[in-house]
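So this one's input20.tsv, TSV, C-alpha atoms:
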chain	number	residue	atom	x	y	z
A	1	MET	CA	-71.86	-64.00	105.79
A	2	SER	CA	-68.46	-65.24	107.01
A	3	ASP	CA	-65.55	-65.64	104.60
A	4	ILE	CA	-65.52	-69.43	105.11
A	5	LEU	CA	-69.14	-69.78	104.07
A	6	THR	CA	-68.58	-67.46	101.11
A	7	ILE	CA	-65.53	-69.51	100.04
A	8	ILE	CA	-67.50	-72.76	100.15
A	9	LEU	CA	-70.49	-71.22	98.38
A	10	LEU	CA	-68.37	-69.75	95.56
A	11	GLY	CA	-66.46	-73.02	95.20
A	12	ILE	CA	-69.76	-74.87	94.80
A	13	VAL	CA	-71.03	-72.29	92.29
A	14	GLU	CA	-67.84	-72.58	90.22
A	15	GLY	CA	-67.82	-76.39	90.34
A	16	ILE	CA	-71.45	-76.64	89.27
A	17	THR	CA	-71.45	-73.99	86.54
A	18	GLU	CA	-68.03	-74.24	84.84
A	19	PHE	CA	-69.04	-77.03	82.46
A	20	LEU	CA	-72.79	-76.42	82.28
A	21	PRO	CA	-74.12	-74.04	79.60
A	22	VAL	CA	-75.10	-71.47	82.24
A	23	SER	CA	-71.91	-69.33	82.61
A	24	SER	CA	-69.66	-69.79	85.64
A	25	THR	CA	-68.21	-66.27	85.33
A	26	GLY	CA	-71.71	-64.84	85.15
A	27	HIS	CA	-72.79	-66.71	88.26
A	28	LEU	CA	-69.71	-65.56	90.19
A	29	ILE	CA	-70.39	-61.95	89.17
A	30	LEU	CA	-74.04	-62.21	90.22
A	31	ALA	CA	-72.99	-63.90	93.47
A	32	GLY	CA	-70.67	-60.98	94.15
A	33	ALA	CA	-73.48	-58.49	93.53
A	34	LEU	CA	-75.88	-60.49	95.71
A	35	LEU	CA	-73.48	-61.05	98.60
A	36	GLY	CA	-71.99	-57.58	98.32
A	37	TYR	CA	-68.37	-58.68	98.64
A	38	SER	CA	-65.39	-56.70	97.37
A	39	ASP	CA	-64.34	-57.64	93.82
A	40	ALA	CA	-60.72	-56.71	94.54
A	41	LYS	CA	-60.54	-58.96	97.59
A	42	TRP	CA	-61.88	-62.01	95.73
A	43	GLN	CA	-60.38	-61.51	92.26
A	44	LEU	CA	-57.43	-63.86	92.73
A	45	PHE	CA	-59.69	-66.39	94.42
A	46	ASP	CA	-62.11	-66.40	91.46
A	47	ILE	CA	-59.27	-67.02	89.00
A	48	ILE	CA	-57.66	-69.90	90.87
A	49	ILE	CA	-60.79	-71.86	91.79
A	50	GLN	CA	-61.56	-72.12	88.06
A	51	LEU	CA	-58.40	-74.20	87.77
A	52	GLY	CA	-59.86	-76.59	90.36
A	53	ALA	CA	-62.81	-77.22	88.07
A	54	ILE	CA	-60.46	-77.70	85.09
A	55	LEU	CA	-58.43	-80.26	87.06
A	56	ALA	CA	-61.62	-82.30	87.45
A	57	VAL	CA	-61.75	-82.85	83.67
A	58	VAL	CA	-58.11	-83.97	83.62
A	59	VAL	CA	-58.84	-86.51	86.36
A	60	LEU	CA	-62.10	-87.77	84.86
A	61	TYR	CA	-60.65	-88.17	81.36
A	62	TRP	CA	-57.11	-89.17	82.28
A	63	ARG	CA	-57.43	-92.34	80.21
A	64	THR	CA	-58.27	-90.30	77.10
A	65	PHE	CA	-55.29	-88.00	77.65
A	66	TRP	CA	-53.02	-90.98	78.26
A	67	ASP	CA	-54.19	-92.69	75.06
A	68	VAL	CA	-53.66	-89.49	73.07
A	69	MET	CA	-50.14	-89.07	74.47
A	70	GLN	CA	-49.28	-92.65	73.57
A	71	GLY	CA	-50.83	-92.15	70.14
A	72	LEU	CA	-48.69	-89.07	69.53
A	73	ILE	CA	-45.56	-91.01	70.46
A	74	ARG	CA	-46.58	-93.73	68.02
A	75	ARG	CA	-47.47	-91.06	65.44
A	76	GLU	CA	-51.05	-92.23	65.10
A	77	ALA	CA	-53.23	-90.07	62.84
A	78	GLY	CA	-56.22	-90.11	65.22
A	79	ALA	CA	-54.22	-88.72	68.14
A	80	ALA	CA	-52.69	-86.03	65.94
A	81	ARG	CA	-56.15	-84.95	64.72
A	82	PHE	CA	-57.44	-84.86	68.33
A	83	VAL	CA	-54.68	-82.43	69.39
A	84	THR	CA	-54.83	-80.44	66.15
A	85	ASN	CA	-58.56	-79.84	66.49
A	86	LEU	CA	-58.15	-78.55	70.05
A	87	LEU	CA	-55.32	-76.24	69.00
A	88	ILE	CA	-57.30	-74.92	66.04
A	89	ALA	CA	-60.31	-74.20	68.28
A	90	PHE	CA	-58.06	-72.56	70.88
A	91	VAL	CA	-56.44	-70.03	68.51
A	92	PRO	CA	-59.43	-67.63	68.11
A	93	ALA	CA	-59.67	-67.18	71.90
A	94	VAL	CA	-55.98	-66.24	72.04
A	95	VAL	CA	-56.24	-63.69	69.23
A	96	ILE	CA	-59.52	-62.07	70.24
A	97	GLY	CA	-58.87	-62.32	73.98
A	98	LEU	CA	-55.55	-60.47	73.75
A	99	ALA	CA	-56.90	-57.90	71.28
A	100	PHE	CA	-59.97	-56.97	73.33
A	101	ARG	CA	-58.82	-57.72	76.90
A	102	LYS	CA	-59.59	-54.23	78.27
A	103	GLN	CA	-63.10	-54.18	76.79
A	104	ILE	CA	-63.76	-57.65	78.21
A	105	GLU	CA	-62.60	-56.60	81.68
A	106	ALA	CA	-64.99	-53.62	81.54
A	107	LEU	CA	-67.91	-55.97	80.85
A	108	LEU	CA	-66.95	-58.09	83.85
A	109	LEU	CA	-67.88	-55.18	86.11
A	110	ASN	CA	-71.49	-55.08	84.91
A	111	PRO	CA	-73.89	-57.65	86.41
A	112	VAL	CA	-76.74	-56.29	84.24
A	113	VAL	CA	-74.84	-57.53	81.16
A	114	VAL	CA	-74.68	-60.96	82.79
A	115	ALA	CA	-78.43	-61.08	83.46
A	116	VAL	CA	-79.32	-60.06	79.90
A	117	ALA	CA	-76.81	-62.54	78.43
A	118	LEU	CA	-78.29	-65.36	80.52
A	119	ILE	CA	-81.76	-64.65	79.12
A	120	VAL	CA	-80.65	-64.26	75.50
A	121	GLY	CA	-78.45	-67.37	75.75
A	122	GLY	CA	-81.34	-69.40	77.14
A	123	ILE	CA	-83.57	-68.40	74.23
A	124	ALA	CA	-80.76	-69.24	71.78
A	125	ILE	CA	-80.40	-72.73	73.29
A	126	LEU	CA	-84.13	-73.41	72.87
A	127	VAL	CA	-84.02	-72.28	69.25
A	128	ILE	CA	-80.92	-74.35	68.42
A	129	GLU	CA	-82.35	-77.43	70.15
A	130	ARG	CA	-85.49	-77.12	68.03
A	131	VAL	CA	-83.99	-76.47	64.60
A	132	VAL	CA	-80.68	-78.38	64.63
A	133	LYS	CA	-80.74	-82.01	63.51
A	134	PRO	CA	-78.75	-84.68	65.43
A	135	GLY	CA	-75.13	-84.83	64.29
A	136	THR	CA	-73.26	-87.87	63.03
A	137	PRO	CA	-71.62	-89.87	65.86
A	138	GLY	CA	-67.85	-89.72	65.96
A	139	GLY	CA	-64.89	-88.79	68.12
A	140	ILE	CA	-63.12	-85.46	68.53
A	141	GLY	CA	-60.49	-86.56	66.03
A	142	ASP	CA	-63.25	-87.02	63.43
A	143	ILE	CA	-64.35	-83.37	63.56
A	144	PRO	CA	-63.26	-81.51	60.39
A	145	ALA	CA	-60.67	-78.77	60.96
A	146	ARG	CA	-63.06	-76.14	59.58
A	147	THR	CA	-65.69	-77.18	62.12
A	148	ALA	CA	-63.13	-77.02	64.96
A	149	LEU	CA	-62.23	-73.49	63.88
A	150	GLY	CA	-65.90	-72.51	63.82
A	151	ILE	CA	-66.36	-73.85	67.36
A	152	GLY	CA	-63.33	-71.85	68.47
A	153	VAL	CA	-64.74	-68.65	66.97
A	154	LEU	CA	-68.09	-69.23	68.68
A	155	GLN	CA	-66.31	-69.86	71.98
A	156	CYS	CA	-65.20	-66.22	71.86
A	157	LEU	CA	-68.83	-65.16	72.43
A	158	ALA	CA	-68.27	-66.34	76.02
A	159	MET	CA	-65.97	-63.37	76.56
A	160	ILE	CA	-69.24	-61.56	77.20
A	161	PRO	CA	-69.98	-62.55	80.83
A	162	GLY	CA	-73.17	-64.56	81.08
A	163	VAL	CA	-72.92	-66.12	77.62
A	164	SER	CA	-71.17	-69.29	78.92
A	165	ARG	CA	-68.03	-70.76	77.39
A	166	SER	CA	-69.37	-74.30	77.54
A	167	GLY	CA	-72.74	-73.20	76.16
A	168	ALA	CA	-71.16	-71.36	73.23
A	169	THR	CA	-68.88	-74.27	72.32
A	170	ILE	CA	-71.42	-77.07	72.83
A	171	LEU	CA	-74.31	-75.35	71.05
A	172	GLY	CA	-71.95	-74.05	68.38
A	173	ALA	CA	-70.71	-77.59	67.80
A	174	LEU	CA	-74.28	-78.88	67.54
A	175	ALA	CA	-75.14	-76.17	65.02
A	176	LEU	CA	-72.09	-77.23	62.98
A	177	GLY	CA	-73.19	-80.86	62.89
A	178	VAL	CA	-71.35	-82.45	65.83
A	179	GLU	CA	-73.15	-85.12	67.85
A	180	ARG	CA	-74.23	-84.16	71.41
A	181	ARG	CA	-71.87	-86.26	73.48
A	182	THR	CA	-68.88	-85.42	71.31
A	183	ALA	CA	-69.83	-81.73	71.44
A	184	ALA	CA	-69.90	-81.82	75.24
A	185	GLU	CA	-66.57	-83.64	75.51
A	186	PHE	CA	-64.93	-81.32	72.99
A	187	SER	CA	-66.07	-78.41	75.17
A	188	PHE	CA	-64.58	-80.06	78.28
A	189	PHE	CA	-61.21	-80.63	76.62
A	190	LEU	CA	-61.12	-77.19	75.01
A	191	ALA	CA	-61.68	-75.66	78.44
A	192	ILE	CA	-58.23	-76.83	79.57
A	193	PRO	CA	-56.02	-74.69	77.28
A	194	THR	CA	-58.58	-71.87	77.21
A	195	MET	CA	-58.95	-71.48	80.97
A	196	LEU	CA	-55.27	-72.10	81.65
A	197	GLY	CA	-54.35	-69.46	79.09
A	198	ALA	CA	-56.85	-66.94	80.45
A	199	SER	CA	-55.66	-67.53	84.01
A	200	VAL	CA	-52.00	-67.09	83.08
A	201	VAL	CA	-52.79	-63.81	81.27
A	202	GLU	CA	-54.81	-62.52	84.23
A	203	LEU	CA	-52.16	-63.48	86.77
A	204	ALA	CA	-49.34	-62.00	84.68
A	205	SER	CA	-51.06	-58.75	83.78
A	206	HIS	CA	-52.35	-58.07	87.31
A	207	ARG	CA	-49.68	-59.79	89.38
A	208	ASP	CA	-49.01	-56.78	91.64
A	209	THR	CA	-52.62	-55.83	92.34
A	210	LEU	CA	-53.77	-59.44	92.66
A	211	ALA	CA	-51.11	-60.29	95.22
A	212	ALA	CA	-51.85	-57.14	97.20
A	213	ALA	CA	-55.61	-57.71	97.10
A	214	ASN	CA	-55.54	-61.32	98.23
A	215	GLY	CA	-57.64	-60.69	101.30
A	216	VAL	CA	-59.01	-64.23	101.25
A	217	GLY	CA	-55.68	-65.82	102.14
A	218	TRP	CA	-54.00	-68.82	100.57
A	219	GLY	CA	-55.82	-71.18	102.91
A	220	GLY	CA	-59.15	-69.83	101.69
A	221	ILE	CA	-58.04	-70.09	98.07
A	222	ALA	CA	-56.97	-73.72	98.64
A	223	LEU	CA	-60.35	-74.53	100.21
A	224	GLY	CA	-62.22	-72.96	97.30
A	225	PHE	CA	-60.02	-74.84	94.82
A	226	VAL	CA	-60.78	-78.20	96.47
A	227	VAL	CA	-64.52	-77.49	96.71
A	228	ALA	CA	-64.68	-76.50	93.02
A	229	PHE	CA	-62.69	-79.60	92.05
A	230	VAL	CA	-64.88	-82.07	93.96
A	231	VAL	CA	-68.16	-80.52	92.82
A	232	ALA	CA	-67.01	-80.38	89.19
A	233	LEU	CA	-66.08	-84.09	89.34
A	234	LEU	CA	-69.68	-84.91	90.18
A	235	VAL	CA	-71.27	-82.42	87.79
A	236	VAL	CA	-69.36	-83.43	84.64
A	237	ARG	CA	-70.44	-87.08	84.93
A	238	TRP	CA	-74.04	-86.07	85.61
A	239	PHE	CA	-74.07	-83.53	82.78
A	240	VAL	CA	-73.03	-85.98	80.07
A	241	GLY	CA	-75.79	-88.37	81.15
A	242	ILE	CA	-78.53	-85.73	81.37
A	243	VAL	CA	-77.67	-84.23	77.98
A	244	GLY	CA	-77.86	-87.63	76.33
A	245	LYS	CA	-81.38	-88.19	77.68
A	246	HIS	CA	-82.98	-84.73	77.86
A	247	GLY	CA	-80.89	-82.38	75.74
A	248	PHE	CA	-80.10	-78.80	76.77
A	249	GLY	CA	-83.66	-77.55	77.30
A	250	PRO	CA	-83.56	-77.68	81.14
A	251	PHE	CA	-80.44	-75.48	81.17
A	252	ALA	CA	-82.07	-73.01	78.78
A	253	TRP	CA	-85.07	-72.52	81.06
A	254	TYR	CA	-82.78	-72.24	84.07
A	255	ARG	CA	-80.86	-69.44	82.35
A	256	ILE	CA	-84.05	-67.58	81.47
A	257	VAL	CA	-85.47	-67.83	84.99
A	258	VAL	CA	-82.23	-66.88	86.78
A	259	GLY	CA	-81.42	-64.11	84.30
A	260	SER	CA	-84.91	-62.62	84.58
A	261	ALA	CA	-84.87	-62.74	88.39
A	262	ALA	CA	-81.41	-61.19	88.50
A	263	LEU	CA	-82.36	-58.44	86.04
A	264	ILE	CA	-85.47	-57.52	88.02
A	265	TRP	CA	-83.46	-57.44	91.26
A	266	LEU	CA	-80.62	-55.37	89.77
A	267	LEU	CA	-82.94	-52.81	88.17
A	268	ALA	CA	-84.97	-52.50	91.38
A	269	LYS	CA	-81.90	-51.76	93.55

Turn this file's structure into structure tokens for me.
Amino acid sequence: MSDILTIILLGIVEGITEFLPVSSTGHLILAGALLGYSDAKWQLFDIIIQLGAILAVVVLYWRTFWDVMQGLIRREAGAARFVTNLLIAFVPAVVIGLAFRKQIEALLLNPVVVAVALIVGGIAILVIERVVKPGTPGGIGDIPARTALGIGVLQCLAMIPGVSRSGATILGALALGVERRTAAEFSFFLAIPTMLGASVVELASHRDTLAAANGVGWGGIALGFVVAFVVALLVVRWFVGIVGKHGFGPFAWYRIVVGSAALIWLLAK
């Protein structure tokens, strides 16, 4: 497969999976194993196209961010709680991510871990969907600080590739009593500092090797960034609507099917 087709395909994969509870990192790792491309060559590409998906949330929810900024200037309590909850949920990822960075990077090299995590995560979603009662409607600023911290701790499970950052935060929020739509939006907003922070750490700690291994070229990276951004714009809107009507069951079964197929293929190689 040519590099251009691979760039477009990976951009689509990132845009679709970043905010769905199916693990974008896991899908990129499995795509690498399936397509047989060099991890070193595409490492910088994989990091930067994630930022394209994150930008989609900023664009889609610009009004929310604008209102929060104005609220902070006016010292409104609701805006302060919105920002505080995101910061509280972000802290565990910083602490655990920095403490266990080398172990996490080792897991990223193992597509079998991804396949197993997809299956286990799918089963967990089905169980949570069945046993958890609907949460009380309310905004992100209405979430108690203790609940925000719990969501942040559960987000750290996504450091295992295949678990899914959005899945861990959304399902964790549901289990802690947050209403579905609010849980999804909290996950979207929390992705911004989390993914920006992770990208900065990766770029800083591997700046020499990443620059040297950029075999895709900056034009290819720009194309992947744009593709991921456009696809994520479409997916986020669709996801909020589908979750409100059908819950997370379809994504659970998708994880189980894809994880099982990937595991069979990897073990048969």

Query raised in the report: Got a sec: who's within 6 Å of region 145-151 of chain A, counting all atoms listed in the file, leaving out chain neighbours fewer than 5 positions off, as a list in words?
Result: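 Answer for this query is Asn85, Ile88, Ala89, Thr169, Gly172 and Ala173 of chain A.
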
Report task. Measuring atom to atom with only C-alpha atoms, identify which of A:Leu30, A:Ala168, A:Met195, A:Ile73 is nearest to Val94 (chain A). Result ->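 Using only C-alpha atoms, Val94 (chain A) sits closest to A:Met195.
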
**Report entry** CA of Phe186 (chain A) to CA of Met69 (chain A), straight-line distance in Å
**Finding:**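 Here the two named atoms are 16.8 Å from each other.
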
Query raised in the report: If we count only C-alpha atoms, what is near Thr25 (chain A) at a cut-off of 10 Å, once residues fewer than 5 positions away on the same chain are taken out, given as a ChimeraX atom specification?
Result: /A:13-14,17-18,30-31,46-47,50,108,114,158-165

Could you save the residues just selected, with C-alpha atoms, as a tab-separated table (two decimals), keeping the file's coordinate frame?
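Just written: again.tsv:
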chain	number	residue	atom	x	y	z
A	13	VAL	CA	-71.03	-72.29	92.29
A	14	GLU	CA	-67.84	-72.58	90.22
A	17	THR	CA	-71.45	-73.99	86.54
A	18	GLU	CA	-68.03	-74.24	84.84
A	30	LEU	CA	-74.04	-62.21	90.22
A	31	ALA	CA	-72.99	-63.90	93.47
A	46	ASP	CA	-62.11	-66.40	91.46
A	47	ILE	CA	-59.27	-67.02	89.00
A	50	GLN	CA	-61.56	-72.12	88.06
A	108	LEU	CA	-66.95	-58.09	83.85
A	114	VAL	CA	-74.68	-60.96	82.79
A	158	ALA	CA	-68.27	-66.34	76.02
A	159	MET	CA	-65.97	-63.37	76.56
A	160	ILE	CA	-69.24	-61.56	77.20
A	161	PRO	CA	-69.98	-62.55	80.83
A	162	GLY	CA	-73.17	-64.56	81.08
A	163	VAL	CA	-72.92	-66.12	77.62
A	164	SER	CA	-71.17	-69.29	78.92
A	165	ARG	CA	-68.03	-70.76	77.39

Report task. Have a look at A:Phe248, A:Trp253, A:Tyr61, A:Phe229 and name the one nearest to Ile16 (chain A); count only C-alpha atoms. Result -> A:Phe229

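Minimum atom-to-atom distances from A:Pro92, A:Gly177, A:Pro144, A:Gly259 to Leu190 (chain A) were compared using all atoms listed in the file, and the lowest value belongs to A:Pro92.
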
Query raised in the report: So, counting all atoms listed in the file, which residue among A:Gly26, A:Pro137, A:Gly241, A:Pro21 is closest to Val113 (chain A)?
Result: A:Gly26

**Report entry** Top pick for closest residue to Ile192 (chain A), considering A:Ile54, A:Leu157, A:Ala99, A:Val243 and counting only C-alpha atoms
**Finding:**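 Ranking A:Ile54, A:Leu157, A:Ala99, A:Val243 by distance to Ile192 (chain A), first place goes to A:Ile54.
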
**Report entry** Straight-line distance linking CA of Asp142 (chain A) with CA of Phe65 (chain A), stated in Å to one decimal
**Finding:** 16.3 Å
